[in-house]
$ cat run_22.cif   # mmCIF, C-alpha atoms
data_start
#
loop_
_atom_site.label_atom_id
_atom_site.label_comp_id
_atom_site.auth_asym_id
_atom_site.auth_seq_id
_atom_site.Cartn_x
_atom_site.Cartn_y
_atom_site.Cartn_z
CA ALA A 628 93.02 -38.74 245.06
CA GLY A 629 93.60 -39.77 241.47
CA GLY A 630 96.16 -37.85 239.45
CA PRO A 631 96.83 -34.23 238.58
CA ALA A 632 93.78 -32.02 239.02
CA VAL A 633 91.88 -31.45 235.80
CA ALA A 634 89.07 -29.15 234.77
CA ASN A 635 85.62 -30.56 235.37
CA THR A 636 82.71 -29.03 233.46
CA ASP A 637 79.96 -31.17 234.96
CA GLY A 638 77.38 -28.92 236.56
CA THR A 639 76.85 -25.18 236.39
CA ILE A 640 80.13 -24.26 238.11
CA ASN A 641 83.45 -25.48 236.73
CA SER A 642 85.86 -27.09 239.16
CA GLN A 643 89.45 -28.30 239.36
CA VAL A 644 89.33 -31.94 240.46
CA SER A 645 91.74 -34.68 241.51
CA ALA A 646 89.73 -37.89 241.88
CA ASN A 647 90.48 -41.54 242.63
CA ASN A 648 87.49 -43.72 241.84
CA SER A 649 89.21 -46.86 243.14
CA LEU A 650 89.61 -45.17 246.53
CA GLY A 651 86.33 -43.23 246.40
CA PHE A 652 87.94 -39.89 247.26
CA SER A 653 88.23 -36.57 245.42
CA ILE A 654 89.47 -33.03 246.00
CA ALA A 655 87.65 -30.26 244.12
CA THR A 656 88.24 -26.52 244.16
CA TYR A 657 85.78 -24.01 242.72
CA THR A 658 84.62 -20.39 242.74
CA GLY A 659 80.99 -19.90 243.69
CA ASN A 660 78.28 -18.07 241.74
CA SER A 661 75.75 -17.22 244.51
CA THR A 662 73.04 -19.17 242.67
CA ASN A 663 70.69 -21.46 244.55
CA GLY A 664 70.67 -24.88 242.91
CA ALA A 665 74.15 -24.53 241.43
CA THR A 666 76.03 -27.77 240.81
CA ILE A 667 79.72 -28.71 240.55
CA GLY A 668 81.44 -31.84 239.29
CA HIS A 669 83.07 -33.90 242.04
CA GLY A 670 84.93 -36.29 239.73
CA LEU A 671 83.72 -39.57 241.25
CA ASP A 672 81.75 -42.20 239.32
CA SER A 673 79.23 -42.71 242.11
CA ALA A 674 77.37 -40.31 244.38
CA PRO A 675 79.46 -39.09 247.35
CA GLU A 676 78.19 -40.19 250.76
CA MET A 677 80.17 -37.57 252.69
CA ILE A 678 81.15 -34.10 251.44
CA ILE A 679 83.17 -31.59 253.46
CA VAL A 680 83.21 -28.03 252.07
CA LYS A 681 85.30 -25.09 253.31
CA SER A 682 85.69 -21.54 252.02
CA LEU A 683 89.32 -20.59 251.39
CA ASN A 684 88.86 -16.85 251.86
CA THR A 685 86.88 -14.52 254.10
CA ILE A 686 83.53 -13.48 252.65
CA GLY A 687 81.82 -10.28 253.71
CA GLY A 688 84.54 -9.75 256.28
CA SER A 689 83.97 -13.05 258.07
CA SER A 690 85.29 -16.60 257.91
CA LYS A 691 82.91 -19.43 257.08
CA ALA A 692 82.15 -22.75 258.74
CA TRP A 693 83.14 -26.24 257.59
CA THR A 694 79.87 -27.66 256.21
CA VAL A 695 79.38 -31.43 256.03
CA TYR A 696 76.90 -33.46 254.00
CA VAL A 697 76.38 -37.07 255.12
CA GLU A 698 74.14 -39.35 253.05
CA PRO A 699 72.42 -41.04 256.04
CA LEU A 700 71.17 -37.62 257.21
CA GLY A 701 69.60 -36.67 253.88
CA ASN A 702 69.96 -33.58 251.71
CA THR A 703 68.15 -31.13 254.01
CA LYS A 704 70.53 -31.53 256.96
CA ASN A 705 74.16 -30.72 257.64
CA LEU A 706 76.86 -30.94 260.27
CA TYR A 707 79.78 -28.59 260.95
CA LEU A 708 83.25 -30.09 261.20
CA ASN A 709 84.37 -27.25 263.50
CA SER A 710 81.37 -27.59 265.86
CA THR A 711 79.75 -30.02 268.32
CA ASN A 712 76.27 -29.08 267.05
CA SER A 713 73.83 -31.82 266.18
CA ALA A 714 72.60 -32.10 262.60
CA SER A 715 70.51 -29.08 261.65
CA VAL A 716 67.94 -28.50 258.94
CA TYR A 717 69.41 -25.90 256.62
CA ASN A 718 69.58 -25.51 252.86
CA PHE A 719 73.29 -25.82 252.07
CA TRP A 720 72.82 -28.52 249.41
CA GLY A 721 69.89 -27.09 247.45
CA ASN A 722 67.76 -29.77 249.15
CA THR A 723 69.14 -32.10 246.48
CA SER A 724 71.25 -35.22 246.95
CA PRO A 725 74.52 -35.52 245.01
CA THR A 726 74.53 -37.63 241.89
CA SER A 727 77.23 -39.76 240.30
CA SER A 728 78.57 -36.63 238.59
CA VAL A 729 77.66 -33.48 240.56
CA LEU A 730 76.94 -32.14 244.02
CA SER A 731 74.30 -29.45 244.52
CA LEU A 732 74.68 -26.17 246.40
CA SER A 733 72.43 -23.46 247.73
CA SER A 734 73.43 -19.80 247.56
CA ASP A 735 74.55 -19.77 251.20
CA THR A 736 77.95 -18.10 251.51
CA ASN A 737 79.36 -21.07 253.46
CA VAL A 738 79.28 -23.08 250.22
CA ASN A 739 78.51 -20.78 247.28
CA SER A 740 79.33 -17.08 247.13
CA SER A 741 80.36 -15.36 243.90
CA VAL A 742 83.31 -13.87 245.81
CA GLY A 743 84.18 -17.15 247.51
CA ASN A 744 86.76 -19.80 246.65
CA TYR A 745 86.11 -23.27 248.09
CA VAL A 746 87.52 -26.75 248.50
CA ALA A 747 85.29 -29.84 248.63
CA TYR A 748 86.52 -33.21 249.90
CA SER A 749 84.18 -36.01 248.73
CA PHE A 750 84.07 -39.61 249.96
CA THR A 751 82.08 -42.63 248.84
CA SER A 752 82.22 -46.11 250.34
CA LYS A 753 84.42 -48.71 248.62
CA PRO A 754 84.14 -52.40 249.59
CA GLY A 755 87.22 -53.57 251.43
CA PHE A 756 88.63 -50.09 251.92
CA SER A 757 86.28 -47.33 253.12
CA LYS A 758 82.82 -46.90 254.61
CA VAL A 759 80.50 -44.00 255.38
CA GLY A 760 77.74 -45.16 257.69
CA SER A 761 75.69 -44.70 260.84
CA TYR A 762 74.67 -46.58 263.96
CA THR A 763 72.39 -46.05 266.97
CA GLY A 764 73.82 -45.98 270.48
CA ASN A 765 72.59 -48.36 273.17
CA GLY A 766 74.03 -46.62 276.25
CA SER A 767 75.96 -49.72 277.33
CA SER A 768 79.67 -50.34 277.94
CA SER A 769 79.24 -53.12 275.38
CA GLY A 770 78.19 -50.83 272.61
CA PRO A 771 77.03 -51.45 269.05
CA MET A 772 79.04 -53.69 266.74
CA VAL A 773 79.52 -51.92 263.42
CA GLN A 774 80.41 -54.02 260.39
CA THR A 775 82.53 -52.24 257.80
CA GLY A 776 83.64 -55.31 255.83
CA PHE A 777 87.33 -54.64 256.52
CA GLN A 778 89.72 -54.04 259.42
CA PRO A 779 89.65 -50.30 260.12
CA ALA A 780 92.79 -48.23 260.68
CA PHE A 781 90.97 -44.90 261.04
CA VAL A 782 87.47 -44.17 262.35
CA MET A 783 85.93 -40.70 262.76
CA ILE A 784 82.64 -40.67 264.71
CA LYS A 785 80.15 -37.83 265.33
CA ALA A 786 76.77 -37.77 267.10
CA SER A 787 74.25 -36.47 264.57
CA SER A 788 71.01 -36.43 266.58
CA ALA A 789 72.70 -34.81 269.61
CA ALA A 790 75.64 -32.52 270.31
CA GLY A 791 79.11 -34.06 270.41
CA SER A 792 82.67 -33.76 269.15
CA TRP A 793 84.14 -35.35 266.04
CA ASN A 794 86.16 -38.21 267.57
CA ILE A 795 89.13 -39.60 265.61
CA VAL A 796 90.60 -43.00 266.55
CA ASP A 797 93.32 -44.93 264.68
CA ASP A 798 95.44 -48.07 265.02
CA LYS A 799 98.81 -46.26 265.04
CA ARG A 800 98.28 -44.48 268.37
CA ASP A 801 96.61 -47.58 269.86
CA THR A 802 98.14 -50.79 268.54
CA THR A 803 96.05 -53.11 270.74
CA ASN A 804 92.41 -53.25 271.78
CA PRO A 805 90.75 -51.38 273.29
CA ALA A 806 91.69 -48.13 271.58
CA THR A 807 91.75 -45.35 274.17
CA LYS A 808 93.37 -42.38 272.39
CA ARG A 809 91.21 -39.90 270.53
CA LEU A 810 91.59 -36.53 268.88
CA PHE A 811 88.80 -34.13 267.97
CA ALA A 812 88.42 -32.54 264.52
CA ASN A 813 86.54 -29.62 266.06
CA LEU A 814 88.96 -28.89 268.93
CA ALA A 815 92.61 -27.89 269.38
CA ASN A 816 92.76 -30.05 272.53
CA ALA A 817 95.57 -32.43 273.32
CA GLU A 818 94.92 -36.11 272.77
CA GLY A 819 92.15 -37.47 274.97
CA THR A 820 92.64 -40.66 276.99
CA GLY A 821 91.04 -42.31 280.01
CA ILE A 822 88.16 -44.24 278.46
CA ASN A 823 87.94 -47.38 276.37
CA VAL A 824 86.73 -46.06 273.04
CA LEU A 825 86.42 -49.04 270.71
CA ASP A 826 87.82 -52.40 269.65
CA PHE A 827 89.10 -52.85 266.11
CA TYR A 828 87.98 -56.12 264.47
CA ALA A 829 88.87 -57.79 261.18
CA ASN A 830 85.55 -56.70 259.71
CA GLY A 831 84.57 -53.62 261.73
CA PHE A 832 84.62 -52.14 265.22
CA GLN A 833 82.68 -52.22 268.51
CA ILE A 834 82.06 -49.26 270.81
CA LYS A 835 83.30 -50.07 274.33
CA ASN A 836 81.81 -47.27 276.45
CA ASN A 837 78.63 -45.32 277.10
CA ASP A 838 80.28 -41.91 276.64
CA ALA A 839 77.96 -39.41 274.96
CA GLY A 840 80.48 -38.88 272.19
CA PHE A 841 80.08 -42.48 271.03
CA ASN A 842 77.15 -44.29 272.61
CA SER A 843 74.24 -42.50 274.25
CA ASN A 844 71.11 -44.62 274.21
CA GLY A 845 68.97 -43.89 271.16
CA VAL A 846 71.35 -41.29 269.69
CA THR A 847 72.32 -41.63 266.03
CA TYR A 848 76.01 -41.46 265.12
CA ILE A 849 77.69 -41.15 261.71
CA TYR A 850 81.17 -42.44 260.94
CA LEU A 851 83.89 -42.46 258.28
CA ALA A 852 86.23 -45.49 258.33
CA PHE A 853 89.30 -46.51 256.31
CA ALA A 854 90.97 -49.91 256.04
CA ALA A 855 94.03 -50.94 258.02
CA ASP A 856 97.48 -50.39 256.50
CA GLY A 857 100.34 -52.87 256.35
CA SER A 858 101.12 -52.61 260.07
CA THR A 859 98.14 -54.82 260.95
CA ALA A 860 96.53 -56.07 257.75
CA THR A 861 96.71 -55.68 254.00
CA PRO A 862 93.99 -53.38 252.71
CA SER A 863 92.20 -54.11 249.45
CA LEU A 864 93.62 -50.88 248.04
CA ALA A 865 97.26 -50.57 249.07
CA ASN A 866 99.19 -47.30 249.19
CA SER A 867 96.17 -45.02 249.36
CA PHE A 868 95.89 -44.08 253.04
CA ALA A 869 98.38 -44.24 255.92
CA PRO A 870 98.57 -42.74 259.43
CA GLU A 871 101.99 -41.91 260.89
CA ILE A 872 103.09 -40.83 264.38
CA TYR A 873 106.21 -38.80 265.17
CA THR A 874 107.94 -36.62 267.76
CA GLY A 875 108.79 -33.01 266.93
CA ASN A 876 112.42 -31.91 266.84
CA GLY A 877 111.99 -28.12 266.72
CA GLY A 878 113.67 -27.83 263.33
CA THR A 879 113.41 -29.74 260.07
CA GLN A 880 112.70 -33.43 259.66
CA ALA A 881 111.33 -35.93 257.16
CA ILE A 882 108.26 -37.94 258.17
CA THR A 883 108.41 -41.24 256.30
CA GLY A 884 106.64 -44.57 256.06
CA THR A 885 103.48 -43.79 254.08
CA GLY A 886 104.57 -45.85 251.07
CA PHE A 887 103.34 -43.17 248.67
CA LYS A 888 103.54 -39.44 247.99
CA PRO A 889 100.62 -37.89 249.90
CA ASP A 890 98.30 -35.28 248.42
CA PHE A 891 96.25 -34.64 251.56
CA VAL A 892 98.02 -34.39 254.94
CA TRP A 893 96.13 -33.79 258.21
CA ILE A 894 98.36 -33.17 261.26
CA LYS A 895 97.35 -32.91 264.93
CA LYS A 896 99.50 -32.40 268.02
CA ARG A 897 98.84 -35.18 270.53
CA SER A 898 100.69 -34.00 273.65
CA GLY A 899 99.09 -30.57 273.99
CA ALA A 900 96.39 -28.22 272.73
CA GLN A 901 97.07 -27.05 269.18
CA VAL A 902 94.97 -26.50 266.09
CA HIS A 903 94.53 -29.19 263.43
CA ASN A 904 96.52 -28.50 260.24
CA LEU A 905 95.13 -29.64 256.86
CA TYR A 906 97.22 -29.41 253.68
CA ASP A 907 96.64 -30.66 250.13
CA SER A 908 98.43 -30.65 246.80
CA VAL A 909 95.65 -28.92 244.86
CA ARG A 910 95.59 -25.74 246.96
CA GLY A 911 99.41 -25.82 247.38
CA ILE A 912 101.75 -27.00 250.09
CA ASN A 913 101.95 -23.60 251.82
CA LYS A 914 98.18 -23.26 252.29
CA VAL A 915 96.69 -24.55 255.55
CA LEU A 916 93.16 -24.93 256.89
CA TYR A 917 92.14 -25.69 260.49
CA SER A 918 89.28 -28.17 261.07
CA ASP A 919 88.56 -26.77 264.55
CA LEU A 920 88.27 -23.16 263.31
CA THR A 921 86.21 -21.30 260.69
CA ASN A 922 89.25 -19.24 259.62
CA ALA A 923 90.08 -18.65 255.98
CA GLN A 924 93.08 -20.58 254.69
CA ALA A 925 96.46 -19.21 255.82
CA THR A 926 99.86 -19.11 254.13
CA VAL A 927 102.52 -20.92 256.19
CA THR A 928 105.90 -22.60 255.74
CA SER A 929 105.40 -25.61 258.00
CA ILE A 930 105.82 -28.26 255.26
CA SER A 931 108.51 -27.92 252.59
CA SER A 932 107.59 -30.90 250.41
CA PHE A 933 105.35 -33.89 249.85
CA ASP A 934 107.83 -36.76 249.31
CA THR A 935 107.68 -40.22 247.72
CA ASN A 936 107.37 -41.84 251.16
CA GLY A 937 105.88 -39.05 253.29
CA PHE A 938 106.57 -35.35 253.75
CA THR A 939 109.22 -32.96 255.10
CA LEU A 940 108.63 -30.48 257.91
CA ALA A 941 110.35 -27.15 257.32
CA ASN A 942 110.48 -25.61 260.81
CA GLY A 943 109.74 -26.13 264.47
CA GLY A 944 106.29 -24.58 264.65
CA GLY A 945 104.10 -25.80 267.50
CA ASP A 946 101.30 -26.86 265.16
CA THR A 947 103.46 -29.51 263.48
CA ASN A 948 106.99 -29.89 264.92
CA ALA A 949 107.67 -28.44 268.39
CA SER A 950 110.63 -30.11 270.07
CA GLY A 951 109.56 -33.05 272.23
CA SER A 952 105.87 -32.81 271.33
CA THR A 953 104.10 -35.80 269.82
CA TYR A 954 101.99 -35.69 266.65
CA VAL A 955 99.88 -37.85 264.36
CA SER A 956 99.49 -37.31 260.62
CA TRP A 957 96.77 -38.88 258.49
CA ASN A 958 97.80 -39.10 254.85
CA TRP A 959 95.80 -39.71 251.68
CA LYS A 960 97.06 -40.29 248.15
CA ALA A 961 95.41 -38.25 245.42
CA GLY A 962 96.94 -37.53 242.03
CA GLY A 963 99.92 -35.23 242.48
CA THR A 964 100.50 -31.86 240.85
CA PRO A 965 97.25 -30.30 239.64
CA SER A 966 96.86 -29.30 236.01
CA ILE A 967 94.99 -26.49 234.30
CA ASN A 968 91.53 -27.53 233.19
CA THR A 969 89.68 -25.45 230.60
CA ASP A 970 86.49 -27.52 230.42
CA GLY A 971 83.51 -25.30 231.16
CA THR A 972 83.22 -21.51 231.41
CA THR A 973 85.65 -21.11 234.32
CA THR A 974 89.26 -22.25 234.03
#
$ encode --input "run_22.cif" --output "structure tokens"
Amino acid sequence: AGGPAVANTDGTINSQVSANNSLGFSIATYTGNSTNGATIGHGLDSAPEMIIVKSLNTIGGSSKAWTVYVEPLGNTKNLYLNSTNSASVYNFWGNTSPTSSVLSLSSDTNVNSSVGNYVAYSFTSKPGFSKVGSYTGNGSSSGPMVQTGFQPAFVMIKASSAAGSWNIVDDKRDTTNPATKRLFANLANAEGTGINVLDFYANGFQIKNNDAGFNSNGVTYIYLAFAADGSTATPSLANSFAPEIYTGNGGTQAITGTGFKPDFVWIKKRSGAQVHNLYDSVRGINKVLYSDLTNAQATVTSISSFDTNGFTLANGGGDTNASGSTYVSWNWKAGGTPSINTDGTTT
């Protein structure tokens, strides 16, 4: 993101924020107040175009869904990262679009309960590095060409006007066109293969199938894309995002090659069904969330450290390091160790 987390007093709820305005990415944690129309500072200098919010604890005896705001859908609709559901009309965002300083919340317990602690990941497009956008499917094996303005390394695609999984494609698991390997943010499934998904181009990507997950005729799709790393092209913002692939050894091992110390690590087993594991430096290295489940965060010992060139796995758990299993990790740079922030009424 952008340095140690600091207190942010923008809005009516104080937050702890690590933000990188060059990258257009921030991590914010906050405690809700159950007030419709509440606002929190996200730390970016422009309005986020995608916001992913997750409760860190159970509320009222139940776990809460991953709620997703996407600018092309407007402020009255949402998606769920753990679900195939199409975009629904529901007041999670106070029916108010985010601004360059705050995001708005309703009093729904998925995003804003007075007994709830939350994390919000915010993204805004940056020329030459990242893009939040949408396209309309044409139902053809020569699908839409989507211009991002850079060579993508990572693309996550979700049907918004119809049901469909969150498909994740990257240039580490497929080093040549067409990319055929995909993982699903909402499922624990092993890596999917068997269809041509897309071609990566120097300035975007093209869908290469008529699969409902990518290209049904007339269906609207949203996407999040990041620029290629040094393996294929030099991104405009170096050392900010890097995917890595590795094989588990059933014990401890260092995963290297990112070129920076990551603050947000997302790991998925490729060779079998296993939950997604999401870690970040603001919540702490032993706290994990699962994008395919609504569970509260859990305390685990899978990762022992975020390192200057990657991270170290601490054990042979099946989620991250089973012997002989294959994995992918997607890694983002934020700002390192969070700091106490006393701006506002909540530290």
$ residues_around --input "run_22.cif" --residues "region 644-659 of chain A" --least-positions-apart "6" --cutoff "8 Å" --atoms "only C-alpha atoms" --output "VMD selection string"
chain A and resid 628 to 635 667 to 672 738 to 753 756 to 757 864 867 909 to 910 961 to 962 965
$ closest_residue --input "run_22.cif" --among "A:Lys960, A:Lys691, A:Lys758, A:Lys808" --to "Leu916 (chain A)" --atoms "all atoms listed in the file"
A:Lys691
$ residues_around --input "run_22.cif" --residues "Thr662 (chain A)" --least-positions-apart "6" --cutoff "10 Å" --atoms "only C-alpha atoms" --output "short mmCIF file (atom, residue, chain, number, x, y, z; two decimals) with C-alpha atoms, in the coordinates of the input"
data_model
loop_
_atom_site.label_atom_id
_atom_site.label_comp_id
_atom_site.auth_asym_id
_atom_site.auth_seq_id
_atom_site.Cartn_x
_atom_site.Cartn_y
_atom_site.Cartn_z
CA THR A 639 76.85 -25.18 236.39
CA ILE A 640 80.13 -24.26 238.11
CA GLY A 721 69.89 -27.09 247.45
CA LEU A 732 74.68 -26.17 246.40
CA SER A 733 72.43 -23.46 247.73
CA SER A 734 73.43 -19.80 247.56
CA ASP A 735 74.55 -19.77 251.20
CA ASN A 739 78.51 -20.78 247.28
CA SER A 740 79.33 -17.08 247.13
CA SER A 741 80.36 -15.36 243.90
#
$ atom_distance --input "run_22.cif" --atom1 "CA of Phe887 (chain A)" --atom2 "CA of Ile795 (chain A)"
22.4 Å
$ axis_aligned_box --input "run_22.cif" --around "region 753-760 of chain A" --padding-each-side "4 Å" --output "JSON"
{"center_x": 83.2, "center_y": -48.8, "center_z": 253.2, "size_x": 18.9, "size_y": 17.6, "size_z": 17.1}
$ resolve_selection --input "run_22.cif" --expression "the PyMOL selection byres ((chain A and resi 937) around 10)" --output "number ranges by chain"
A: 869, 871, 881-890, 892, 932-936, 938-939, 956, 958
$ resolve_selection --input "run_22.cif" --expression "the PyMOL selection byres ((chain A and resi 927) around 7)" --output "PDB file with C-alpha atoms, in the coordinates of the input"
ATOM      1  CA  ASN A 913     101.950 -23.600 251.820  1.00  0.00           C
ATOM      2  CA  LYS A 914      98.180 -23.260 252.290  1.00  0.00           C
ATOM      3  CA  VAL A 915      96.690 -24.550 255.550  1.00  0.00           C
ATOM      4  CA  ALA A 925      96.460 -19.210 255.820  1.00  0.00           C
ATOM      5  CA  THR A 926      99.860 -19.110 254.130  1.00  0.00           C
ATOM      6  CA  THR A 928     105.900 -22.600 255.740  1.00  0.00           C
ATOM      7  CA  SER A 929     105.400 -25.610 258.000  1.00  0.00           C
TER       8      SER A 929
END
$ atom_distance --input "run_22.cif" --atom1 "CA of Gln643 (chain A)" --atom2 "CA of Ala714 (chain A)"
29.0 Å
$ resolve_selection --input "run_22.cif" --expression "the PyMOL selection byres ((chain A and resi 900-906) around 7)" --output "NGL selection string"
:A and (815-817 or 891-896 or 899 or 907 or 912 or 914-919 or 946)
$ write_last_selection --input "run_22.cif" --atoms "C-alpha atoms" --output "compact mmCIF listing (two decimals), in the coordinates of the input"
# COMPACT_ATOMS: atom_id res chain seq x y z
CA ALA A 815 92.61 -27.89 269.38
CA ASN A 816 92.76 -30.05 272.53
CA ALA A 817 95.57 -32.43 273.32
CA PHE A 891 96.25 -34.64 251.56
CA VAL A 892 98.02 -34.39 254.94
CA TRP A 893 96.13 -33.79 258.21
CA ILE A 894 98.36 -33.17 261.26
CA LYS A 895 97.35 -32.91 264.93
CA LYS A 896 99.50 -32.40 268.02
CA GLY A 899 99.09 -30.57 273.99
CA ASP A 907 96.64 -30.66 250.13
CA ILE A 912 101.75 -27.00 250.09
CA LYS A 914 98.18 -23.26 252.29
CA VAL A 915 96.69 -24.55 255.55
CA LEU A 916 93.16 -24.93 256.89
CA TYR A 917 92.14 -25.69 260.49
CA SER A 918 89.28 -28.17 261.07
CA ASP A 919 88.56 -26.77 264.55
CA ASP A 946 101.30 -26.86 265.16
$ atom_distance --input "run_22.cif" --atom1 "CA of Gly770 (chain A)" --atom2 "CA of Ile834 (chain A)"
4.5 Å
$ residues_around --input "run_22.cif" --residues "Ala790 (chain A)" --least-positions-apart "2" --cutoff "6 Å" --atoms "all atoms listed in the file" --output "PyMOL selection string"
chain A and resi 711-713
$ decode --input "run_22.cif" --residues "region 910-935 of chain A" --atoms "C-alpha atoms" --output "compact mmCIF listing (two decimals), in the first residue's frame"
# COMPACT_ATOMS: atom_id res chain seq x y z
CA ARG A 910 -4.25 -7.09 10.53
CA GLY A 911 -1.10 -9.12 11.35
CA ILE A 912 0.68 -12.02 9.72
CA ASN A 913 -1.16 -14.68 11.74
CA LYS A 914 -4.64 -13.50 10.71
CA VAL A 915 -6.21 -15.11 7.64
CA LEU A 916 -9.40 -14.51 5.66
CA TYR A 917 -10.90 -16.78 2.99
CA SER A 918 -12.36 -15.16 -0.15
CA ASP A 919 -14.55 -18.18 -0.90
CA LEU A 920 -16.11 -18.23 2.60
CA THR A 921 -17.97 -15.76 4.83
CA ASN A 922 -16.05 -16.93 7.92
CA ALA A 923 -14.61 -14.49 10.42
CA GLN A 924 -10.84 -14.11 10.31
CA ALA A 925 -8.91 -17.02 11.85
CA THR A 926 -5.61 -17.16 13.72
CA VAL A 927 -3.09 -19.46 11.98
CA THR A 928 0.66 -20.04 11.78
CA SER A 929 0.99 -20.67 8.05
CA ILE A 930 3.30 -17.70 7.32
CA SER A 931 6.15 -16.81 9.67
CA SER A 932 7.32 -13.59 8.01
CA PHE A 933 6.94 -11.11 5.18
CA ASP A 934 10.48 -10.81 3.77
CA THR A 935 12.37 -8.27 1.65
